[in-house]
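As provided, coords20.csv (CSV, C-alpha atoms) reads as follows.
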```csv
chain,number,residue,atom,x,y,z
A,186,MET,CA,-30.6,5.0,-5.1
A,187,PHE,CA,-30.3,3.6,-1.5
A,188,GLU,CA,-28.2,5.1,1.2
A,189,LEU,CA,-26.3,3.1,3.9
A,190,LEU,CA,-26.3,4.8,7.3
A,191,GLY,CA,-26.9,8.1,5.5
A,192,VAL,CA,-23.9,7.7,3.2
A,193,PRO,CA,-24.6,8.1,-0.6
A,194,PRO,CA,-23.6,5.1,-2.7
A,195,GLN,CA,-21.3,7.3,-4.8
A,196,ALA,CA,-19.3,8.2,-1.7
A,197,LEU,CA,-19.3,4.6,-0.4
A,198,MET,CA,-18.2,3.0,-3.7
A,199,GLY,CA,-15.6,5.8,-4.3
A,200,GLN,CA,-14.0,5.1,-1.0
A,201,LEU,CA,-14.2,1.3,-1.6
A,202,LEU,CA,-12.3,1.9,-4.9
A,203,LEU,CA,-9.8,4.0,-3.1
A,204,GLY,CA,-9.4,1.3,-0.5
A,205,LEU,CA,-8.8,-1.3,-3.2
A,206,ILE,CA,-6.1,0.9,-4.8
A,207,ASN,CA,-4.4,1.4,-1.4
A,208,GLY,CA,-4.8,-2.3,-0.8
A,209,ALA,CA,-3.1,-3.1,-4.1
A,210,PHE,CA,-0.1,-1.1,-3.0
A,211,TYR,CA,-0.2,-2.6,0.5
A,212,ALA,CA,-0.3,-6.1,-1.1
A,213,LEU,CA,2.5,-5.6,-3.5
A,214,LEU,CA,4.8,-4.0,-0.9
A,215,SER,CA,4.0,-6.5,1.8
A,216,LEU,CA,4.4,-9.3,-0.7
A,217,GLY,CA,8.0,-8.1,-1.4
A,218,LEU,CA,8.7,-7.8,2.3
A,219,ALA,CA,7.2,-11.3,2.9
A,220,VAL,CA,9.4,-12.8,0.1
A,221,ILE,CA,12.5,-11.2,1.6
A,222,PHE,CA,11.8,-12.1,5.2
A,223,GLY,CA,10.2,-15.5,4.6
A,224,LEU,CA,13.1,-16.7,2.3
A,225,MET,CA,16.0,-14.7,3.7
A,226,ASN,CA,15.0,-13.8,7.3
A,227,VAL,CA,15.9,-10.2,6.7
A,228,ILE,CA,13.7,-7.3,7.9
A,229,ASN,CA,14.1,-5.0,4.9
A,230,PHE,CA,13.4,-1.4,6.1
A,231,THR,CA,14.8,-0.1,2.8
A,232,HIS,CA,11.6,-1.3,1.1
A,233,GLY,CA,9.8,2.1,1.3
A,234,ALA,CA,12.8,3.8,-0.3
A,235,GLN,CA,13.0,1.2,-3.1
A,236,TYR,CA,9.3,1.8,-3.7
A,237,MET,CA,10.1,5.5,-4.1
A,238,MET,CA,13.0,4.7,-6.4
A,239,GLY,CA,10.7,2.7,-8.6
A,240,ALA,CA,8.5,5.8,-9.1
A,241,PHE,CA,11.5,8.1,-9.7
A,242,VAL,CA,13.2,5.7,-12.2
A,243,ALA,CA,9.9,5.6,-14.1
A,244,TRP,CA,9.8,9.4,-14.1
A,245,MET,CA,13.5,9.7,-15.2
A,246,LEU,CA,13.0,7.2,-18.0
A,247,LEU,CA,10.1,9.3,-19.3
A,248,GLN,CA,11.9,12.7,-18.9
A,249,TYR,CA,15.4,11.8,-20.0
A,250,ALA,CA,15.0,8.8,-22.3
A,251,GLY,CA,11.4,9.3,-23.6
A,252,ILE,CA,10.5,5.8,-22.4
A,253,PRO,CA,6.7,5.8,-21.6
A,254,TYR,CA,4.9,4.2,-18.7
A,255,TRP,CA,4.6,0.7,-20.4
A,256,GLY,CA,8.4,0.5,-20.9
A,257,ALA,CA,9.0,1.8,-17.3
A,258,LEU,CA,6.7,-0.9,-16.0
A,259,VAL,CA,9.3,-3.5,-17.1
A,260,LEU,CA,12.6,-1.5,-16.9
A,261,SER,CA,12.1,0.2,-13.5
A,262,PRO,CA,11.7,-3.0,-11.5
A,263,LEU,CA,14.7,-4.4,-13.3
A,264,ILE,CA,16.9,-1.4,-12.6
A,265,VAL,CA,15.9,-1.0,-9.0
A,266,GLY,CA,16.0,-4.8,-8.5
A,267,ALA,CA,19.6,-4.7,-9.8
A,268,THR,CA,20.5,-2.0,-7.2
A,269,GLY,CA,19.0,-4.3,-4.6
A,270,ILE,CA,21.2,-7.1,-5.7
A,271,VAL,CA,24.3,-4.9,-5.3
A,272,ILE,CA,23.1,-3.9,-1.8
A,273,GLU,CA,22.6,-7.5,-0.8
A,274,ARG,CA,26.0,-8.7,-2.1
A,275,LEU,CA,28.0,-5.8,-0.6
A,276,LEU,CA,26.2,-5.3,2.7
A,277,ILE,CA,23.3,-7.5,3.7
A,278,SER,CA,25.0,-10.8,3.0
A,279,ARG,CA,27.5,-10.0,5.8
A,280,LEU,CA,24.7,-10.0,8.4
A,281,TYR,CA,22.9,-13.3,7.8
A,282,HIS,CA,24.5,-15.0,10.8
A,283,LEU,CA,23.8,-12.0,13.2
A,284,ASP,CA,20.6,-11.0,15.0
A,285,HIS,CA,17.7,-9.5,13.0
A,286,LEU,CA,18.3,-6.2,14.7
A,287,TYR,CA,21.5,-5.6,12.7
A,288,GLY,CA,19.8,-6.1,9.4
A,289,LEU,CA,16.9,-3.8,10.5
A,290,LEU,CA,19.3,-1.0,11.5
A,291,LEU,CA,21.4,-1.3,8.3
A,292,THR,CA,18.3,-1.2,6.0
A,293,PHE,CA,16.8,1.7,8.0
A,294,GLY,CA,20.0,3.6,7.6
A,295,LEU,CA,20.1,2.9,3.9
A,296,ALA,CA,16.5,4.1,3.6
A,297,LEU,CA,17.4,7.4,5.2
A,298,ILE,CA,20.5,7.8,2.9
A,299,ILE,CA,18.5,7.0,-0.3
A,300,GLU,CA,15.6,9.3,0.7
A,301,GLY,CA,18.1,12.1,1.6
A,302,LEU,CA,19.9,11.8,-1.8
A,303,PHE,CA,16.6,12.1,-3.8
A,304,ARG,CA,15.4,15.0,-1.6
A,305,GLN,CA,18.7,16.8,-2.2
A,306,GLN,CA,18.4,16.3,-5.9
A,307,TYR,CA,14.7,16.8,-6.6
A,308,GLY,CA,13.3,18.5,-3.5
A,309,SER,CA,10.2,17.5,-1.6
A,310,SER,CA,7.3,19.1,-3.5
A,311,GLY,CA,6.7,16.2,-5.8
A,312,LEU,CA,6.8,15.7,-9.6
A,313,PRO,CA,3.8,14.9,-11.8
A,314,TYR,CA,3.7,11.8,-14.0
A,315,THR,CA,1.3,11.5,-16.9
A,316,ASN,CA,-1.7,9.1,-16.6
A,317,PRO,CA,-1.1,6.4,-19.3
A,318,ILE,CA,-4.8,5.4,-19.3
A,319,PRO,CA,-6.9,8.6,-19.1
A,320,GLY,CA,-10.7,8.6,-18.9
A,321,GLY,CA,-13.1,6.2,-17.2
A,322,GLN,CA,-16.6,4.8,-17.2
A,323,ASN,CA,-19.7,6.1,-15.4
A,324,LEU,CA,-21.3,3.0,-13.8
A,325,GLY,CA,-24.3,5.0,-12.5
A,326,PHE,CA,-23.5,4.5,-8.8
A,327,MET,CA,-19.8,5.6,-9.3
A,328,PHE,CA,-17.2,6.8,-11.8
A,329,LEU,CA,-14.5,4.2,-12.4
A,330,PRO,CA,-11.2,5.7,-13.7
A,331,TRP,CA,-9.6,3.3,-16.2
A,332,TYR,CA,-6.1,3.6,-14.7
A,333,ARG,CA,-7.2,2.9,-11.2
A,334,GLY,CA,-9.1,-0.2,-12.3
A,335,TRP,CA,-6.0,-1.3,-14.1
A,336,VAL,CA,-3.8,-0.9,-11.0
A,337,VAL,CA,-6.1,-3.1,-8.9
A,338,ALA,CA,-6.4,-5.8,-11.6
A,339,PHE,CA,-2.7,-5.9,-12.5
A,340,SER,CA,-1.6,-5.9,-8.8
A,341,LEU,CA,-3.8,-8.9,-8.1
A,342,VAL,CA,-2.4,-10.8,-11.1
A,343,VAL,CA,1.2,-10.1,-10.0
A,344,CYS,CA,0.4,-11.2,-6.4
A,345,LEU,CA,-1.2,-14.4,-7.5
A,346,LEU,CA,1.6,-15.2,-9.9
A,347,THR,CA,4.2,-14.6,-7.2
A,348,TRP,CA,2.3,-16.8,-4.8
A,349,PHE,CA,1.9,-19.6,-7.4
A,350,THR,CA,5.7,-19.5,-8.2
A,351,ILE,CA,6.8,-19.7,-4.6
A,352,GLU,CA,4.2,-22.2,-3.3
A,353,ARG,CA,3.4,-24.4,-6.3
A,354,THR,CA,6.5,-24.7,-8.5
A,355,LYS,CA,9.8,-26.5,-8.4
A,356,LEU,CA,11.7,-23.2,-8.2
A,357,GLY,CA,9.7,-22.2,-5.2
A,358,ALA,CA,10.4,-25.5,-3.5
A,359,TYR,CA,14.1,-24.9,-4.1
A,360,LEU,CA,13.8,-21.4,-2.6
A,361,ARG,CA,12.0,-22.7,0.5
A,362,ALA,CA,14.5,-25.6,1.0
A,363,ALA,CA,17.4,-23.2,0.6
A,364,THR,CA,16.3,-21.1,3.5
A,365,GLU,CA,15.7,-24.2,5.8
A,366,ARG,CA,18.5,-26.6,4.8
A,367,PRO,CA,21.0,-24.6,2.6
A,368,GLU,CA,23.8,-27.2,3.0
A,369,LEU,CA,21.5,-29.9,1.7
A,370,VAL,CA,20.4,-27.9,-1.3
A,371,GLN,CA,24.0,-26.9,-2.0
A,372,ALA,CA,24.8,-30.7,-2.1
A,373,PHE,CA,22.5,-31.0,-5.1
A,374,GLY,CA,24.6,-28.6,-7.1
A,375,ILE,CA,22.4,-25.5,-6.6
A,376,ASN,CA,24.2,-22.2,-6.0
A,377,VAL,CA,22.3,-21.1,-2.8
A,378,PRO,CA,24.0,-17.7,-2.3
A,379,ARG,CA,23.1,-16.7,-5.9
A,380,MET,CA,19.5,-17.9,-5.3
A,381,ILE,CA,19.3,-15.8,-2.2
A,382,THR,CA,20.7,-12.8,-3.9
A,383,LEU,CA,18.2,-13.1,-6.8
A,384,THR,CA,15.4,-13.5,-4.2
A,385,TYR,CA,16.3,-10.2,-2.7
A,386,GLY,CA,16.3,-8.6,-6.1
A,387,VAL,CA,12.8,-10.0,-6.8
A,388,GLY,CA,11.5,-8.6,-3.5
A,389,VAL,CA,13.0,-5.2,-4.3
A,390,GLY,CA,11.6,-5.4,-7.8
A,391,LEU,CA,8.1,-5.9,-6.5
A,392,ALA,CA,8.5,-2.7,-4.4
A,393,ALA,CA,9.7,-0.8,-7.5
A,394,LEU,CA,6.8,-2.2,-9.5
A,395,ALA,CA,4.4,-0.8,-6.9
A,396,GLY,CA,6.2,2.6,-7.2
A,397,VAL,CA,5.7,2.7,-11.0
A,398,LEU,CA,2.0,1.9,-10.5
A,399,ALA,CA,1.7,4.7,-7.9
A,400,ALA,CA,3.5,7.3,-10.0
A,401,PRO,CA,0.5,8.4,-12.1
A,402,ILE,CA,-1.8,8.5,-9.0
A,403,TYR,CA,0.3,10.3,-6.5
A,404,THR,CA,3.1,12.8,-7.1
A,405,VAL,CA,6.5,11.3,-7.3
A,406,ASN,CA,8.4,12.6,-4.2
A,407,PRO,CA,11.2,11.3,-2.0
A,408,THR,CA,8.9,10.8,1.1
A,409,MET,CA,6.3,8.7,-0.6
A,410,GLY,CA,8.0,5.5,0.7
A,411,SER,CA,8.6,6.6,4.3
A,412,ASN,CA,4.9,7.7,4.5
A,413,LEU,CA,3.8,4.2,3.6
A,414,ILE,CA,6.3,1.7,5.0
A,415,ILE,CA,5.1,1.7,8.6
A,416,VAL,CA,1.6,0.8,7.5
A,417,VAL,CA,3.0,-1.9,5.2
A,418,PHE,CA,4.9,-3.4,8.1
A,419,ALA,CA,1.7,-3.5,10.1
A,420,VAL,CA,0.0,-5.3,7.2
A,421,VAL,CA,2.9,-7.9,7.1
A,422,VAL,CA,2.6,-8.5,10.9
A,423,ILE,CA,-1.2,-9.0,10.7
A,424,GLY,CA,-0.9,-11.4,7.8
A,425,GLY,CA,2.1,-13.2,9.4
A,426,MET,CA,5.8,-12.5,8.9
A,427,GLY,CA,6.9,-14.4,5.8
A,428,SER,CA,3.5,-15.5,4.7
A,429,ILE,CA,3.0,-14.9,1.0
A,430,ALA,CA,-0.8,-15.6,1.1
A,431,GLY,CA,-1.2,-13.6,4.2
A,432,SER,CA,0.4,-10.5,2.6
A,433,ILE,CA,-1.9,-10.7,-0.4
A,434,VAL,CA,-5.1,-11.2,1.5
A,435,THR,CA,-4.4,-8.8,4.4
A,436,GLY,CA,-3.0,-6.2,2.0
A,437,PHE,CA,-6.2,-5.9,-0.1
A,438,GLY,CA,-8.5,-6.6,2.9
A,439,LEU,CA,-7.0,-3.9,5.1
A,440,GLY,CA,-7.0,-1.4,2.2
A,441,VAL,CA,-10.8,-1.9,1.9
A,442,VAL,CA,-11.2,-1.7,5.7
A,443,GLU,CA,-9.2,1.6,5.7
A,444,GLY,CA,-11.3,3.0,2.9
A,445,LEU,CA,-14.6,2.1,4.5
A,446,THR,CA,-13.4,3.6,7.8
A,447,LYS,CA,-12.9,6.9,6.0
A,448,VAL,CA,-16.6,6.9,5.2
A,449,PHE,CA,-18.1,5.9,8.5
A,450,TRP,CA,-15.5,7.1,11.0
A,451,PRO,CA,-12.9,9.4,9.3
A,452,GLU,CA,-11.1,10.2,12.5
A,453,ALA,CA,-10.1,6.6,12.9
A,454,SER,CA,-8.9,5.9,9.4
A,455,ALA,CA,-5.3,6.6,10.1
A,456,THR,CA,-5.1,4.2,13.1
A,457,VAL,CA,-7.6,1.4,12.2
A,458,ILE,CA,-4.9,-0.8,10.8
A,459,PHE,CA,-2.7,-0.5,13.9
A,460,VAL,CA,-5.7,-1.2,16.1
A,461,ILE,CA,-6.3,-4.4,14.1
A,462,MET,CA,-2.6,-5.2,14.4
A,463,ALA,CA,-2.8,-4.9,18.2
A,464,ILE,CA,-5.9,-7.1,18.4
A,465,VAL,CA,-4.4,-9.8,16.1
A,466,LEU,CA,-1.1,-9.9,18.1
A,467,MET,CA,-3.0,-10.4,21.3
A,468,VAL,CA,-5.1,-13.2,19.9
A,469,ARG,CA,-2.7,-14.8,17.4
A,470,PRO,CA,0.9,-13.5,17.9
A,471,GLN,CA,2.2,-15.2,14.7
A,472,GLY,CA,-0.3,-13.3,12.5
A,473,LEU,CA,-3.5,-14.6,10.8
A,474,PHE,CA,-1.6,-16.8,8.2
A,475,GLY,CA,1.7,-17.2,10.0
A,476,THR,CA,3.1,-20.2,11.7
A,477,PRO,CA,4.8,-20.3,15.1
A,478,ARG,CA,8.6,-20.1,14.9
```

Go ahead and express the file in the form of structure tokens.
Amino acid sequence: MFELLGVPPQALMGQLLLGLINGAFYALLSLGLAVIFGLMNVINFTHGAQYMMGAFVAWMLLQYAGIPYWGALVLSPLIVGATGIVIERLLISRLYHLDHLYGLLLTFGLALIIEGLFRQQYGSSGLPYTNPIPGGQNLGFMFLPWYRGWVVAFSLVVCLLTWFTIERTKLGAYLRAATERPELVQAFGINVPRMITLTYGVGVGLAALAGVLAAPIYTVNPTMGSNLIIVVFAVVVIGGMGSIAGSIVTGFGLGVVEGLTKVFWPEASATVIFVIMAIVLMVRPQGLFGTPR
């Protein structure tokens, strides 16, 4: 079996798979951020905490209600999305006419509160979650765990369906119009505030869905969101703030780049995404897929 720059193919393909898995989480989380920012103009720093809540709700459904992973895959995004709707109605809706900084500070504070509450209740060591699809397939050049392959495929399907809904359907057209000309859309009898609230709930639900997918791979712990959110914001900036397609492409792409960097230059793997972000901002400040505002 060939080697590339002295790297065995098993190590190379293993890191490529790991990069695709990380990319799946980057894509889902940045997609939720792009939906919220692109359609609501809100920088949602609570997104990492809501990702963590998705994993914890899945764990609690299994421990306290006996609901397995497949049920949690549906229920957890709905439950966490409902909490997002409450947050939007009670708090975020009051900041729409103010500078972005107010929304960022509010959501950052909420993230600290949510993370602190879960750390107080469950500690920081992490809780295990059963793998719903054990086993895998030896492909000769690598071993493919079934669950990790499912995560990549399912995330890609969800991302594409979200993109199609927003960019190619009548509902998506209403959503985009409501952000640009809300008074005109309201004149057609559409409840714009309700639509915006549901949009925030969907964005939060995508973060929770990513949390459910991550639960069997990583331990469920209160800091899992805060460890990831800065990288996800960098992915969103590179793709273009509010760009749905940009979030998907850069999420998966940067996950692969990060994985391959761990093979050829491990010391740079933690910073490669931020280096790419700096280069993109110098060349194209609106991001790869963004439009000048």

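Taking all atoms listed in the file into account, A:Leu445 lies nearest to A:Val457 out of the set A:Trp335, A:Gly256, A:Val457, A:Ile429.
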
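Of the listed residues (A:Gly475, A:Gly239, A:Gly444, A:Gly223), A:Gly239 comes nearest to A:Leu260; the distances count only C-alpha atoms.
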
For stretch 297-300 of chain A, list every protein, DNA or RNA residue within 9 Å, evaluated using only C-alpha atoms, and leave out those in the same chain fewer than 2 positions away; present the list as an mmCIF file with C-alpha atoms, keeping the file's coordinate frame.
```cif
data_model
loop_
_atom_site.group_PDB
_atom_site.id
_atom_site.type_symbol
_atom_site.label_atom_id
_atom_site.label_comp_id
_atom_site.auth_asym_id
_atom_site.auth_seq_id
_atom_site.Cartn_x
_atom_site.Cartn_y
_atom_site.Cartn_z
ATOM 1 C CA THR A 231 14.800 -0.100 2.800
ATOM 2 C CA ALA A 234 12.800 3.800 -0.300
ATOM 3 C CA GLN A 235 13.000 1.200 -3.100
ATOM 4 C CA MET A 237 10.100 5.500 -4.100
ATOM 5 C CA MET A 238 13.000 4.700 -6.400
ATOM 6 C CA THR A 292 18.300 -1.200 6.000
ATOM 7 C CA PHE A 293 16.800 1.700 8.000
ATOM 8 C CA GLY A 294 20.000 3.600 7.600
ATOM 9 C CA LEU A 295 20.100 2.900 3.900
ATOM 10 C CA LEU A 302 19.900 11.800 -1.800
ATOM 11 C CA PHE A 303 16.600 12.100 -3.800
ATOM 12 C CA ARG A 304 15.400 15.000 -1.600
ATOM 13 C CA GLN A 305 18.700 16.800 -2.200
ATOM 14 C CA PRO A 407 11.200 11.300 -2.000
ATOM 15 C CA THR A 408 8.900 10.800 1.100
ATOM 16 C CA GLY A 410 8.000 5.500 0.700
ATOM 17 C CA SER A 411 8.600 6.600 4.300
#
```

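Note that the spacing between atom CA of A:Gly396 and atom CA of A:Ile458 amounts to 21.4 Å.
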
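The residue that comes closest to A:Leu329, out of A:Ala393, A:Ile415, A:Leu201, A:Val227 and on the basis of only C-alpha atoms, is A:Leu201.
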
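Rounded to one decimal, atom CA of A:Ile318 and atom CA of A:Trp331 lie 6.1 Å from each other.
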
Quiz item: Just how far from atom CA of A:Leu213 is atom CA of A:Pro330, in Å to one decimal?
Solution: 20.5 Å

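The shortest atom-to-atom distance to A:Val377, with only C-alpha atoms taken into account, belongs to A:Ala363 out of A:Leu291, A:Ile272, A:Ala363, A:Ala219.
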
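Residues in contact with A:Tyr314 at 8 Å, where only C-alpha atoms are counted and same-chain residues fewer than 6 positions away are skipped, are listed as Trp244, Ala400, Pro401, Thr404 and Val405 of chain A.
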
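With all atoms listed in the file as the atoms that count, the residue of A:Leu290, A:Ala240, A:Leu258, A:Leu283 with the shortest distance to A:Met409 is A:Ala240.
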
Exercise. Can you pull out every residue within 12 Å of A:Pro378, counting only C-alpha atoms, but drop anything in the same chain fewer than 6 positions away, and send it as a ChimeraX atom specification?
Key: /A:224-225,270,273-274,277-279,281,360,363-364,367-368,370-371,384-385

Quiz item: Do you know which residues are at most 12 Å from A:Gly334 counting all atoms listed in the file, after dropping those on the same chain fewer than 2 positions away, and could you put them as a PyMOL selection string?
Solution: chain A and resi 199+201-207+209+318-322+328-332+336-341+398+402

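Proximity ranking of A:Cys344, A:Leu439, A:Ala362, A:Leu369 relative to A:Ile381 places A:Ala362 first, based on all atoms listed in the file.
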